[in-house]
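Engineer: Here you go, this is query.txt (compact mmCIF, C-alpha atoms and all ligand atoms).
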```txt
# COMPACT_ATOMS: atom_id res chain seq x y z
CA MET N 5 84.44 38.65 -127.03
CA GLU N 6 83.17 41.14 -129.58
CA MET N 7 79.77 42.73 -128.99
CA HIS N 8 78.04 41.21 -132.04
CA HIS N 9 79.22 37.70 -131.02
CA LEU N 10 77.87 38.20 -127.53
CA THR N 11 74.51 39.40 -128.87
CA GLU N 12 74.34 36.43 -131.23
CA HIS N 13 75.13 33.97 -128.43
CA ILE N 14 72.45 35.45 -126.20
CA ARG N 15 69.95 35.15 -129.05
CA LEU N 16 70.89 31.49 -129.66
CA TRP N 17 70.71 30.76 -125.94
CA GLN N 18 67.21 32.28 -125.69
CA MET N 19 65.95 30.41 -128.75
CA ASN N 20 67.40 27.11 -127.42
CA GLN N 21 66.00 27.69 -123.93
CA ARG N 22 62.50 28.19 -125.34
CA ALA N 23 62.65 25.32 -127.84
CA ALA N 24 64.24 22.83 -125.41
CA ARG N 25 61.44 23.37 -122.90
CA ARG N 26 59.03 21.76 -125.36
CA VAL N 27 61.20 18.71 -126.14
CA MET N 28 59.54 15.51 -124.93
CA ARG N 29 61.94 12.96 -123.55
CA LYS N 30 61.55 9.68 -121.66
CA PRO N 31 63.57 9.77 -118.40
CA LEU N 32 65.08 6.31 -119.02
CA THR N 33 67.97 4.91 -116.99
CA GLU N 34 69.83 1.99 -118.60
CA GLN N 35 72.83 -0.19 -117.79
CA PHE N 36 75.64 -0.74 -120.29
CA GLY N 37 77.98 -3.18 -118.59
CA GLU N 38 79.17 -1.41 -115.45
CA LEU N 39 78.05 1.98 -116.78
CA THR N 40 74.73 3.71 -116.18
CA PHE N 41 73.16 5.81 -118.93
CA CYS N 42 70.80 8.56 -117.73
CA PRO N 43 69.54 12.03 -118.68
CA GLY N 44 71.83 14.92 -117.71
CA GLN N 45 71.75 16.64 -114.34
CA VAL N 46 73.17 20.09 -113.67
CA LYS N 47 75.30 18.74 -110.81
CA HIS N 48 77.46 16.93 -113.41
CA LEU N 49 78.02 20.00 -115.60
CA LYS N 50 81.48 20.91 -114.21
CA GLU N 51 82.67 17.30 -114.76
CA ILE N 52 81.33 17.35 -118.33
CA GLN N 53 83.15 20.63 -119.01
CA ALA N 54 86.43 19.20 -117.66
CA LEU N 55 86.10 16.00 -119.73
CA HIS N 56 85.15 18.05 -122.80
CA LEU N 57 88.21 20.29 -122.42
CA ARG N 58 90.47 17.24 -122.14
CA LEU N 59 88.96 15.48 -125.18
CA PHE N 60 88.44 18.43 -127.53
CA LYS N 61 91.31 20.67 -126.28
CA VAL N 62 88.92 23.65 -126.32
CA PRO N 63 86.29 24.64 -123.74
CA MET N 64 82.62 23.99 -124.38
CA LEU N 65 80.95 27.07 -125.88
CA ASN N 66 79.88 29.35 -123.05
CA TRP N 67 76.28 29.84 -124.20
CA LEU N 68 75.88 26.05 -124.37
CA VAL N 69 77.15 25.74 -120.78
CA TRP N 70 74.49 28.27 -119.77
CA LEU N 71 71.89 26.32 -121.73
CA TYR N 72 72.78 23.07 -119.93
CA ARG N 73 72.57 24.83 -116.54
CA PHE N 74 68.83 24.97 -117.17
CA ARG N 75 68.10 22.25 -119.72
CA SER N 76 70.42 19.29 -118.94
CA PRO N 77 67.54 16.80 -118.44
CA GLN N 78 66.19 17.61 -121.92
CA LEU N 79 69.48 18.01 -123.82
CA VAL N 80 72.23 15.95 -122.19
CA SER N 81 72.84 12.18 -121.88
CA LEU N 82 75.41 10.80 -119.47
CA ALA N 83 77.41 7.62 -118.98
CA LEU N 84 78.34 7.26 -115.30
CA ASP N 85 80.81 4.75 -113.85
CA PRO N 86 79.88 2.71 -110.74
CA HIS N 87 81.11 5.61 -108.54
CA GLY N 88 78.81 8.07 -110.31
CA LYS N 89 81.68 9.72 -112.21
CA VAL N 90 80.98 11.03 -115.73
CA VAL N 91 82.86 8.91 -118.29
CA GLY N 92 80.77 9.80 -121.34
CA TYR N 93 78.37 12.50 -122.46
CA GLU N 94 76.25 13.48 -125.44
CA CYS N 95 75.00 17.06 -125.75
CA PHE N 96 72.17 18.28 -127.95
CA MET N 97 71.07 21.72 -129.13
CA ILE N 98 68.57 23.25 -131.51
CA ASN N 99 69.95 24.66 -134.77
CA GLU N 100 67.95 27.55 -136.17
CA SER N 101 67.91 25.85 -139.58
CA GLU N 102 66.34 22.72 -138.04
CA LEU N 103 63.83 24.39 -135.72
CA GLN N 104 60.85 24.28 -138.11
CA ALA N 105 61.58 20.68 -139.09
CA ASN N 106 61.53 19.69 -135.40
CA ILE N 107 65.04 18.22 -135.48
CA LEU N 108 67.35 18.11 -132.46
CA HIS N 109 71.10 18.31 -133.13
CA SER N 110 73.70 16.16 -131.36
CA VAL N 111 76.55 18.65 -131.06
CA TYR N 112 79.09 16.76 -128.91
CA VAL N 113 79.76 13.18 -127.95
CA GLY N 114 82.76 12.34 -125.81
CA VAL N 115 84.06 9.29 -123.96
CA ASP N 116 86.80 9.21 -121.31
CA GLU N 117 90.02 7.81 -122.83
CA ALA N 118 89.96 4.82 -120.45
CA TYR N 119 86.58 3.73 -121.84
CA GLN N 120 87.13 4.42 -125.56
CA GLY N 121 86.96 1.65 -128.17
CA LYS N 122 84.44 -0.39 -126.16
CA GLY N 123 81.26 0.70 -127.88
CA VAL N 124 80.31 3.31 -125.25
CA ALA N 125 79.76 6.21 -127.68
CA THR N 126 77.66 4.03 -130.00
CA ALA N 127 75.59 2.73 -127.08
CA LEU N 128 75.14 6.22 -125.60
CA ARG N 129 73.93 7.58 -128.94
CA SER N 130 71.47 4.67 -129.20
CA TYR N 131 70.30 5.37 -125.65
CA SER N 132 69.66 9.05 -126.49
CA ILE N 133 67.65 8.01 -129.55
CA ARG N 134 65.45 5.73 -127.42
CA THR N 135 64.74 8.59 -125.00
CA TYR N 136 63.58 10.90 -127.84
CA ASP N 137 61.79 8.33 -130.01
CA PHE N 138 57.97 8.31 -129.88
CA GLY N 139 58.04 11.86 -128.49
CA ASN N 140 57.46 15.11 -130.40
CA LEU N 141 60.66 15.26 -132.51
CA ASN N 142 60.88 14.26 -136.17
CA ALA N 143 64.57 13.40 -136.09
CA VAL N 144 67.97 13.87 -134.49
CA SER N 145 70.93 15.03 -136.55
CA THR N 146 74.70 15.24 -136.17
CA VAL N 147 77.81 16.24 -138.12
CA ALA N 148 80.89 14.02 -138.36
CA GLY N 149 84.03 15.90 -139.40
CA THR N 150 85.46 14.95 -142.80
CA ASN N 151 88.32 12.88 -141.38
CA ASP N 152 86.67 11.77 -138.14
CA ILE N 153 86.08 8.08 -138.92
CA LYS N 154 85.30 7.20 -135.27
CA ALA N 155 82.55 9.85 -135.01
CA LEU N 156 81.12 8.78 -138.40
CA ARG N 157 81.17 5.06 -137.57
CA CYS N 158 79.60 5.46 -134.14
CA ALA N 159 76.82 7.70 -135.54
CA GLN N 160 76.11 5.23 -138.38
CA LYS N 161 76.12 2.25 -136.00
CA ALA N 162 73.57 4.06 -133.83
CA GLY N 163 71.29 4.41 -136.88
CA TYR N 164 72.19 7.83 -138.31
CA ALA N 165 72.49 8.00 -142.11
CA ILE N 166 74.42 10.51 -144.20
CA GLU N 167 71.99 12.93 -145.88
CA LYS N 168 74.34 15.52 -147.34
CA ALA N 169 77.70 17.21 -147.04
CA SER N 170 78.02 19.74 -144.24
CA LEU N 171 79.81 23.01 -144.91
CA LYS N 172 80.05 24.46 -141.39
CA PRO N 173 81.81 22.53 -139.95
CA PRO N 174 83.03 20.60 -143.04
CA GLY N 175 81.96 16.95 -142.89
CA HIS N 176 78.96 14.65 -143.23
CA TYR N 177 75.50 15.74 -142.07
CA LEU N 178 73.72 12.68 -140.68
CA VAL N 179 70.10 12.16 -139.63
CA ARG N 180 68.26 9.55 -137.60
CA ARG N 181 64.48 9.75 -138.21
CA LEU N 182 62.24 9.33 -135.16
CA THR N 183 58.64 8.19 -134.81
CA LEU N 184 56.20 10.76 -133.47
CA GLY N 185 54.27 9.67 -130.38
CA ARG N 186 50.50 9.91 -130.21
C1 LIG N 201 84.70 9.67 -130.95
C2 LIG N 201 84.48 8.98 -129.59
C3 LIG N 201 83.28 9.63 -128.92
C4 LIG N 201 84.23 7.50 -129.84
O1 LIG N 201 83.97 6.89 -128.60
P1 LIG N 201 84.08 5.31 -128.39
O2 LIG N 201 83.28 4.95 -127.20
O3 LIG N 201 85.50 4.92 -128.40
O4 LIG N 201 83.37 4.79 -129.72
P2 LIG N 201 82.86 3.31 -130.00
O5 LIG N 201 83.64 2.33 -129.15
O6 LIG N 201 81.39 3.30 -129.89
O7 LIG N 201 83.35 3.09 -131.48
C5 LIG N 201 82.75 3.70 -132.60
C6 LIG N 201 83.45 3.25 -133.86
O8 LIG N 201 84.76 3.81 -133.89
C7 LIG N 201 85.72 2.74 -133.99
N1 LIG N 201 86.90 3.08 -133.19
C8 LIG N 201 86.98 3.28 -131.87
N2 LIG N 201 88.24 3.58 -131.51
C9 LIG N 201 88.98 3.54 -132.65
C10 LIG N 201 90.34 3.78 -132.96
N3 LIG N 201 91.23 4.11 -132.00
N4 LIG N 201 90.75 3.69 -134.25
C11 LIG N 201 89.87 3.39 -135.23
N5 LIG N 201 88.56 3.15 -135.00
C12 LIG N 201 88.11 3.24 -133.73
C13 LIG N 201 85.02 1.56 -133.41
O9 LIG N 201 85.61 0.37 -133.81
C14 LIG N 201 83.63 1.75 -133.93
O10 LIG N 201 83.52 1.40 -135.30
P3 LIG N 201 83.51 -0.11 -135.79
O11 LIG N 201 82.74 -0.92 -134.79
O12 LIG N 201 82.89 -0.05 -137.13
O13 LIG N 201 84.93 -0.53 -135.83
C15 LIG N 201 85.74 9.11 -128.68
O14 LIG N 201 86.86 8.64 -129.39
C16 LIG N 201 86.00 10.53 -128.19
O15 LIG N 201 85.48 10.93 -127.14
N6 LIG N 201 86.80 11.30 -128.95
C17 LIG N 201 87.09 12.69 -128.58
C18 LIG N 201 85.89 13.58 -128.82
C19 LIG N 201 85.40 13.53 -130.25
O16 LIG N 201 86.18 13.65 -131.19
N7 LIG N 201 84.07 13.33 -130.45
C20 LIG N 201 83.45 13.18 -131.76
C21 LIG N 201 83.07 14.44 -132.41
S1 LIG N 201 81.63 15.19 -131.66
```
Show me the file's structure as structure tokens.
Structural biologist:
Amino acid sequence: MEMHHLTEHIRLWQMNQRAARRVMRKPLTEQFGELTFCPGQVKHLKEIQALHLRLFKVPMLNWLVWLYRFRSPQLVSLALDPHGKVVGYECFMINESELQANILHSVYVGVDEAYQGKGVATALRSYSIRTYDFGNLNAVSTVAGTNDIKALRCAQKAGYAIEKASLKPPGHYLVRRLTLGR
């Protein structure tokens, strides 16, 4: 990796580490059929990385892996099967452009092939929203790639609405407003 990329990644990691520490989140555990939804734990990180590589065909960004080593409970949601195996995950991060507005960004959602098409991604997104709602965030956002109908539909069904076109990556920028807690 080139030096300026490395420096940029370290800067993003530091900013995310600091900002994520302040994120208020309810430590809810919920059932969805036979699956359990819960906040992330670092012990599941290797499994998430393996599932991510299989689904996206590229490894998770290294600085994000480092972020989730320290901030999984604040930034990761998991779907576990009855054996405790990770079959779904949603990962969040803080975009510099959204920091002032107090918006958390859902950067990845993935569901094991054997569980796809059963509403798991939609339910996991809805679960994440419940954990952040009535906390200290104004909204959660996500981007659905231009031709990624599944990602768009599951975000919309979980309550996200398209606000504008996204340039990087190209697609729809969606937002789900949250209520601030008191
Ligand atoms: C995208 C992904 C997370 C969806 O997971 P999922 O659990 O199957 O999604 P859901 O069952 O909640 O379905 C969401 C919507 O997509 C639709 N959908 C699911 N599978 C579909 C398929 N094979 N073809 C067309 N639509 C499909 C669902 O019907 C639903 O919309 P609808 O109810 O209006 O029809 C999953 O396919 C995946 O992990 N893909 C690889 C990683 C990825 O691309 N992630 C998204 C970008 S971050």
Engineer: Which of these residues is nearest to Pro31 (chain N), using all atoms listed in the file: N:Trp70, N:Tyr131, N:Tyr119, N:Tyr93?
Structural biologist: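 For Pro31 (chain N), the nearest of the candidates is N:Tyr131.
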Engineer: Mind pulling up the distance from CA of Ile52 (chain N) to atom P1 of ligand LIG 201 (chain N)?
Structural biologist: 15.9 Å
Engineer: Between CA of Pro77 (chain N) and atom N6 of ligand LIG 201 (chain N), what is the spacing in Å?
Structural biologist: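 Computing the Euclidean distance for atom N6 of ligand LIG 201 (chain N) and CA of Pro77 (chain N) yields 22.6 Å.
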Engineer: For Ile133 (chain N), which of N:Ile107, N:Val147, N:Ala162, N:Ile98 is the closest residue, counting all atoms listed in the file?
Structural biologist: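 Comparing N:Ile107, N:Val147, N:Ala162, N:Ile98 against Ile133 (chain N), the winner is N:Ala162.
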Engineer: Ligand LIG 201 (chain N): which residues are within 6 Å, counting only C-alpha atoms and all ligand atoms? Reply as a ChimeraX atom specification.
Structural biologist: /N:59-60,112-115,120-126,154-155,157-158
Engineer: Write the residues you've just listed into a file as a CSV table (one decimal), in the coordinates of the input, and include C-alpha atoms for each of them.
Structural biologist:
```
chain,number,residue,atom,x,y,z
N,59,LEU,CA,89.0,15.5,-125.2
N,60,PHE,CA,88.4,18.4,-127.5
N,112,TYR,CA,79.1,16.8,-128.9
N,113,VAL,CA,79.8,13.2,-128.0
N,114,GLY,CA,82.8,12.3,-125.8
N,115,VAL,CA,84.1,9.3,-124.0
N,120,GLN,CA,87.1,4.4,-125.6
N,121,GLY,CA,87.0,1.6,-128.2
N,122,LYS,CA,84.4,-0.4,-126.2
N,123,GLY,CA,81.3,0.7,-127.9
N,124,VAL,CA,80.3,3.3,-125.2
N,125,ALA,CA,79.8,6.2,-127.7
N,126,THR,CA,77.7,4.0,-130.0
N,154,LYS,CA,85.3,7.2,-135.3
N,155,ALA,CA,82.6,9.8,-135.0
N,157,ARG,CA,81.2,5.1,-137.6
N,158,CYS,CA,79.6,5.5,-134.1
```
Engineer: Using all atoms listed in the file, collect all residues at a distance of at most 10 Å from (82.5, 12.8, -145.2) as written in the file, then present them as a PyMOL selection string.
Structural biologist: chain N and resi 147-153+156+166+168-170+174-178
Engineer: So, with only C-alpha atoms as the atoms that count, which of N:Leu55, N:Met7, N:Leu49, N:Val80 lies closest to His109 (chain N)?
Structural biologist: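 Distance minimum relative to His109 (chain N) lands on N:Val80.
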Engineer: For each of N:Leu39, N:Met28, N:Met97, N:Leu108, take the minimum atom-to-atom distance to Leu184 (chain N), counting only C-alpha atoms, then give the residue where this is smallest.
Structural biologist: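 Counting only C-alpha atoms, the residue closest to Leu184 (chain N) is N:Met28.
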Engineer: Env of Leu71 (chain N): 9 Å cut, atoms = all atoms listed in the file, seq-sep filter 3 positions within chain, self excluded. Answer as a PyMOL selection string.
Structural biologist: chain N and resi 17-18+20-21+66-68+74-76+79+97
Engineer: In terms of the shortest atom-to-atom distance over all atoms listed in the file, which of N:Glu167, N:Glu34, N:Glu6, N:Glu100 is closest to Ala127 (chain N)?
Structural biologist: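 Looking at the shortest contact to Ala127 (chain N), the residue is N:Glu34.
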Engineer: Considering all atoms listed in the file, can you say which of N:Ala165, N:Val91, N:Leu16, N:Cys42 comes closest to Arg181 (chain N)?
Structural biologist: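 Comparing N:Ala165, N:Val91, N:Leu16, N:Cys42 against Arg181 (chain N), the winner is N:Ala165.
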Engineer: Please, what distance in Å, to one decimal, runs between CA of Ala143 (chain N) and CA of Arg25 (chain N)?
Structural biologist: 16.8 Å
